[in-house]
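Written below as structure tokens is the structure these notes are about.
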Amino acid sequence: MTPHVHLCLVLHNHQPIGNFDGVFEQSYQDSYLPFLEVFEPYEALQISLHTSGPLMMWLADRHPEYLDRIRLLVEAGRIEIIGGPQYEPILTMLPSRDRIGQIQSYSRWLQRTVGVTPGGMWTPERVWESSLTADVVDAGMHYTVLDDYHFKAAGLKNEDLTSYYLVEDQGRLLRIFPGSEHLRYTIPFRPVDETISYLHDVANRHPGAVMTFGDDGEKFGTWPDTKAHVYDQGWLRSFFDALTENQEWLHTVSLAEAIHRVPAAGKAYLPDCSYREMTEWSLPVEAQETLEDVTHSLEKSPEWSRLETFVRGGFWRNFKTKYEETNEMYARMMYVSDRLAKAEEAGLDAGVIAEARDHLYRGQCNCPYWHGAFGGIYLPHLRNAVFEHLIAADTILEQLEGTASSAIATAADYDFDGHQEVRLSNEDMVLWFDPACGGRMYEWDLRNLNHNLLATLQRRPEAYHRKVLAGPGAGDGDVASIHDRVVFKQEGLDECVQYDRYPRKSMMDHFFDNEATLESVMSGDSLERGDFVELPFEAKLRRGGDRVQVQMRRDGNAWGVPITITKAVTICQDSDTMSVAYLLENLPPGRPLHFAIEWNFAGLPSGADDRYFSDADGNQLGQLGETIDLPNTRGLSLSDRWLDVDVDLKCDRDSGIWAFPIQTVSQSEAGFELVHQSVCVMPHWIVQADAEGRWAVRIDVSTRCGKSEELATHRMFAEQTNN
């Protein structure tokens with residue numbers, strides 16, 4: 001056979017739900033449009049193009065002329081449109097009904113909008129488990145792309161990965177192309193002739209082979225330094241020139257065309273896996289550091305080429321244990337998905353259910369559920385967007401069921417930890433409590449804004465913090481891969497690395513030394529003298545008239561002294577206020593104790609004059625990113641005029657109040673950066689026991705929100721339906 005090779009170029013273009021419009025536009029101008037402009041004249045070339053649902057819908061709205069050009073290339077046989085789940089979720093975290101629903105929903109959208117029904121799909125983040133096979137096939141897909149890393153984890157060698165394979169589950173067959181990690185790192189970061197030489201060698205050793213490149217389209221212009229390299233310096237044009245000049249032996253084809261030309265290499269059963277870097281990121285930090293150190297030490301060994309296949313990282317699902325906040329979003333998503341399935345079974349209005357389903361699917365977008373070389377879970381606007389759509393879906397369903405206007409209290413294992421959590425809700429808010437973990441409130445949904453005030457993030461160690469402490473560097477080569485760059489977006493980041501002992505949630509009960517200061521609490525130097533922050537409280541639900549209450553009690557200690565804390569949270573049917581009553585009992589007589597209640601508020605950014613603190617008299621105190629130390633006060637307000645929300649915290653006795661920002665040092669596409677995550681507000685007192693060894697305080701927290709027109713429409717429709 002004459003030496004030749006088929007090259008499948010598969011581009012994955014994606015922007016997540018909740019990303020800024022300016023980021024969409026910049027990526028369009030830097031990557032998607034210029035790539036198309038360079039590609040169009042090369043009539044001998046074919047590519048497979050996946051554009052995620054959020055990005056495709058944005059393009060249809062903002063740049064329909066781009067889709068017109070794509071349609072012409074589809075009609076000419078130059079571009080194959082690849083489908084997938086509509087809002088780019090990690091499929092393994094979804095119930096089967098949502099996996100199939102997301103894929104079919106996007107296929108229908110592509111048929112309506114572009115006139116194409118895709119036969120293949122992009123698997124988000126190439127996160128794979130065998131159980132996906134049946135669902136993907138049942139959703140109408142016939143082939144997808146993973147990484148050669150998946151196949152090597154199954155024991156296959158490079159020499160085996162010269163075509164696609166068949167995988168099977170429950171009698172369904174799916175074709176899977178192994179994307180080449182070598183090509184991922186040479187395209188576009190190495191000179192063009194390196195890629196051509198590599199492919200020529202493959203053609204000589206394996207005539208008729210199929211080699212697949214599958215990776216982000218953003219690496220062609222959006223990733224740092226790539227715009228100048230790929231377009232201004234002509235890398236992409238040179239690459240397409242080389243493909244055209246060598247087309248007698250180098251056939252650039254779509255995935256569908258490769259299947260038409262070349263038979264499958266055989267059958268394979270792939271282990272639960274993702275691309276190599278993702279398996280590393282999913283490990284606990286200590287294990288991640290160990291893997292990194294071991295890998296670097298073994299890379300110089302002559303045995304490394306034989307051992308590399310057997311050195312593996314972790315499992316994507318463990319992001320739900322690595323980041324408690326990921327599990328919170330996941331559990332919230334599952335709650336809404338189950339509720340929607342029950343509404344369907346009950347035969348409720350299909351049109352309203354479809355609207356709720358779209359919000360659910362948007363809330364499954366994968367990007368904030370994990371973290372690697374990109375911002376991911378560290379980006380507040382992505383977390384907020386997930387909660388926005390999950391809260392909207394939940395409220396629509398509750399309105400449809402006719403229960404949203406009531407005060408309701410329920411208990412169940414909502415976060416899948418083996419313990420019961422508590423949910424209190426009324427027309428304005430939904431409060432979620434975890435009695436087993438300090439009786440803390442871990443989610444606070446404002447229905448009028450579809451906003452979770454507790455979409456916070458704990459500051460925790462990351463493996464790349466070693467690089468932060470070591471200093472910036474450019475990586476190797478003229479254009480470093482995003483995985484190799486060490487760039488600081490701000491100076492002094494090494495001094496900003498700080499870790500929290502506990503999640504940044506609310507109603508967390510602290511005992512500090514009497515001399516503790518704002519500075520010592522901010523820095524984490526103040527020791528925790530009680531055992532109330534994370535240990536279990538007993539919980540009781542109370543319902544009466546138009547109000548519901550959760551009462552939580554713990555017999556614990558501070559400084560080894562037995563103390564009982566009882567805290568009760570009450571909400572009424574038509575109120576935007578939660579009342580929190582604290583009672584401390586068995587206090588030692590004559591001994592003052594420093595007691596503090598931690599609250600955290602997320603989604604209220606710093607660095608803007610229209611996001612500010614006010615004292616109890618309404619006097620503005622500064623932006624939300626500043627520190628506040630108020631003695632002898634009875635309240636503090638946080639205002640965000642962009643969100644149109646005011647959070648008023650009022651105490652029924654004189655209090656000290658500390659407030660300070662929570663900021664993380666995290667990794668993004670452009671480098672390491674400081675990100676504002678939340679505002680910590682901590683009322684505190686030097687507690688003196690009364691004659692009965694008691695001390696009490698009541699805190700009312702009110703949220704004054706702008707009313708959402710969308711929510712008002714849902715309410716009006718639900719009232720008409722229920723009447």
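The chains in the structure tokens are called A, B, ... from first to last as shown; in each chain the residues are counted from 1, and the ligands are counted from 1 in the order shown.
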Margin query: Residues within 6 Å of range 627-639 of chain A, please, as a ChimeraX atom specification. Count only C-alpha atoms; anything in the same chain fewer than 4 positions from it doesn't count.
Written below: /A:611-616,645-651,654-660
Check: Quick one: DSSP strand (DSSP E or B) residues in range 298-524 of chain A, as a PyMOL selection string?
Finding: chain A and resi 408-412+421-425+429-434+440-446+451-452+473+486+488+506+508-512
Note to self: Just checking: using only C-alpha atoms, which residue out of A:Arg362, A:Arg547, A:Arg440, A:Lys152 ends up closest to Thr309 in chain A?
What the structure shows: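 Looking at the shortest contact to Thr309 in chain A, the residue is A:Lys152.
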Next item on the list: Extract the full set of alpha helix (DSSP H) residues from range 145-264 of chain A according to DSSP on the backbone, and format it as a PyMOL selection string.
Entry: chain A and resi 148-153+181-186+192-205+226-227+235-245+255-261
Can those selected residues be exported to a file as a short mmCIF file (atom, residue, chain, number, x, y, z; two decimals), in the first residue's frame so that it contains C-alpha atoms?
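File written: selection26.cif
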data_model
loop_
_atom_site.label_atom_id
_atom_site.label_comp_id
_atom_site.auth_asym_id
_atom_site.auth_seq_id
_atom_site.Cartn_x
_atom_site.Cartn_y
_atom_site.Cartn_z
CA ASP A 148 -5.09 8.41 23.14
CA TYR A 149 -4.50 8.53 26.90
CA HIS A 150 -7.81 6.68 27.41
CA PHE A 151 -6.67 3.90 25.10
CA LYS A 152 -3.21 3.65 26.62
CA ALA A 153 -4.87 3.28 30.03
CA GLU A 181 -1.55 13.99 22.68
CA HIS A 182 1.57 14.48 20.57
CA LEU A 183 -0.43 16.53 18.04
CA ARG A 184 -2.11 18.47 20.86
CA TYR A 185 1.29 19.70 21.96
CA THR A 186 2.80 20.39 18.52
CA VAL A 192 4.87 23.18 11.17
CA ASP A 193 7.50 20.82 9.76
CA GLU A 194 7.60 18.91 13.07
CA THR A 195 3.94 17.94 12.68
CA ILE A 196 4.35 17.09 8.99
CA SER A 197 7.44 15.00 9.71
CA TYR A 198 5.64 13.13 12.49
CA LEU A 199 2.68 12.37 10.22
CA HIS A 200 5.01 11.28 7.40
CA ASP A 201 6.65 8.82 9.75
CA VAL A 202 3.23 7.46 10.75
CA ALA A 203 2.30 7.09 7.06
CA ASN A 204 5.42 5.04 6.37
CA ARG A 205 5.00 2.80 9.40
CA THR A 226 -1.15 32.63 20.23
CA LYS A 227 -2.86 35.35 18.18
CA TRP A 235 1.69 29.71 11.59
CA LEU A 236 -1.83 28.62 10.58
CA ARG A 237 -1.42 29.64 6.96
CA SER A 238 1.89 27.79 6.83
CA PHE A 239 0.23 24.74 8.34
CA PHE A 240 -2.59 24.74 5.81
CA ASP A 241 -0.05 25.31 3.01
CA ALA A 242 1.89 22.26 4.17
CA LEU A 243 -1.25 20.12 4.37
CA THR A 244 -2.19 21.16 0.85
CA GLU A 245 1.28 20.64 -0.59
CA LEU A 255 -14.46 12.20 11.16
CA ALA A 256 -17.42 11.06 9.07
CA GLU A 257 -15.21 10.76 5.98
CA ALA A 258 -12.58 8.80 7.91
CA ILE A 259 -15.24 6.27 8.95
CA HIS A 260 -16.32 6.03 5.32
CA ARG A 261 -12.76 5.39 4.12
#
Margin query: From the options A:Trp316, A:Ser702, A:Met507, A:Leu453, which residue's atoms come nearest to Val679 in chain A, counting only C-alpha atoms?
Written below: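 Among the listed residues, the smallest separation from Val679 in chain A belongs to A:Leu453.
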Check: Quick one: of A:Phe213, A:Trp432, A:Trp304, A:Trp281, who's nearest to Gly376 in chain A, counting only C-alpha atoms?
Finding: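 Result for the nearest residue to Gly376 in chain A: A:Trp281.
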Checklist line | Closest of A:Cys680, A:Ala409, A:Leu424, A:Ala689 to Leu454 in chain A - atom-to-atom distances counting only C-alpha atoms | finding: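 Of A:Cys680, A:Ala409, A:Leu424, A:Ala689, the one nearest Leu454 in chain A, counting only C-alpha atoms, is A:Cys680.
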Note to self: Considering only C-alpha atoms, can you say which of A:Glu345, A:Asp147, A:Glu673, A:Asp232 comes closest to Asp215 in chain A?
What the structure shows: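 Ranked by minimum distance to Asp215 in chain A, first place goes to A:Asp147.
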Next item on the list: Excluding Tyr369 in chain A and residues on its chain fewer than 4 positions from it, collect all residues at most 8 Å away from it, counting only C-alpha atoms, and give them as a list in words.
Entry: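 My list of contacting residues is Phe319, Thr326, Met329, Tyr330, Gly376 and Ile377 of chain A.
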Atoms kept (N, CA and C atoms) for selection, written as a short mmCIF file (atom, residue, chain, number, x, y, z; two decimals), in the first residue's frame:
data_model
loop_
_atom_site.label_atom_id
_atom_site.label_comp_id
_atom_site.auth_asym_id
_atom_site.auth_seq_id
_atom_site.Cartn_x
_atom_site.Cartn_y
_atom_site.Cartn_z
N PHE A 319 -13.59 15.51 41.96
CA PHE A 319 -13.68 16.96 42.14
C PHE A 319 -14.79 17.29 43.15
N THR A 326 -18.11 22.20 44.68
CA THR A 326 -18.55 21.45 43.50
C THR A 326 -19.69 20.52 43.87
N MET A 329 -23.00 22.43 44.17
CA MET A 329 -23.66 22.70 42.89
C MET A 329 -24.24 21.42 42.30
N TYR A 330 -23.46 20.34 42.39
CA TYR A 330 -23.93 19.06 41.87
C TYR A 330 -25.20 18.61 42.57
N GLY A 376 -12.22 28.02 36.18
CA GLY A 376 -13.18 27.04 36.65
C GLY A 376 -13.94 27.48 37.88
N ILE A 377 -13.90 26.64 38.91
CA ILE A 377 -14.67 26.90 40.12
C ILE A 377 -14.22 28.18 40.82
#
Near range 116-134 of chain A, 7 Å: range 250-354 of chain A residue rows, closest pairs, only C-alpha atoms, as a tab-separated table:
residue	atom	partner	partner_atom	distance
A:Leu270	CA	A:Ser130	CA	6.8
A:Pro271	CA	A:Glu129	CA	6.6
A:Asp272	CA	A:Glu129	CA	4.5
A:Cys273	CA	A:Trp128	CA	5.3
A:Ser274	CA	A:Val127	CA	4.4
A:Tyr275	CA	A:Arg126	CA	6.3
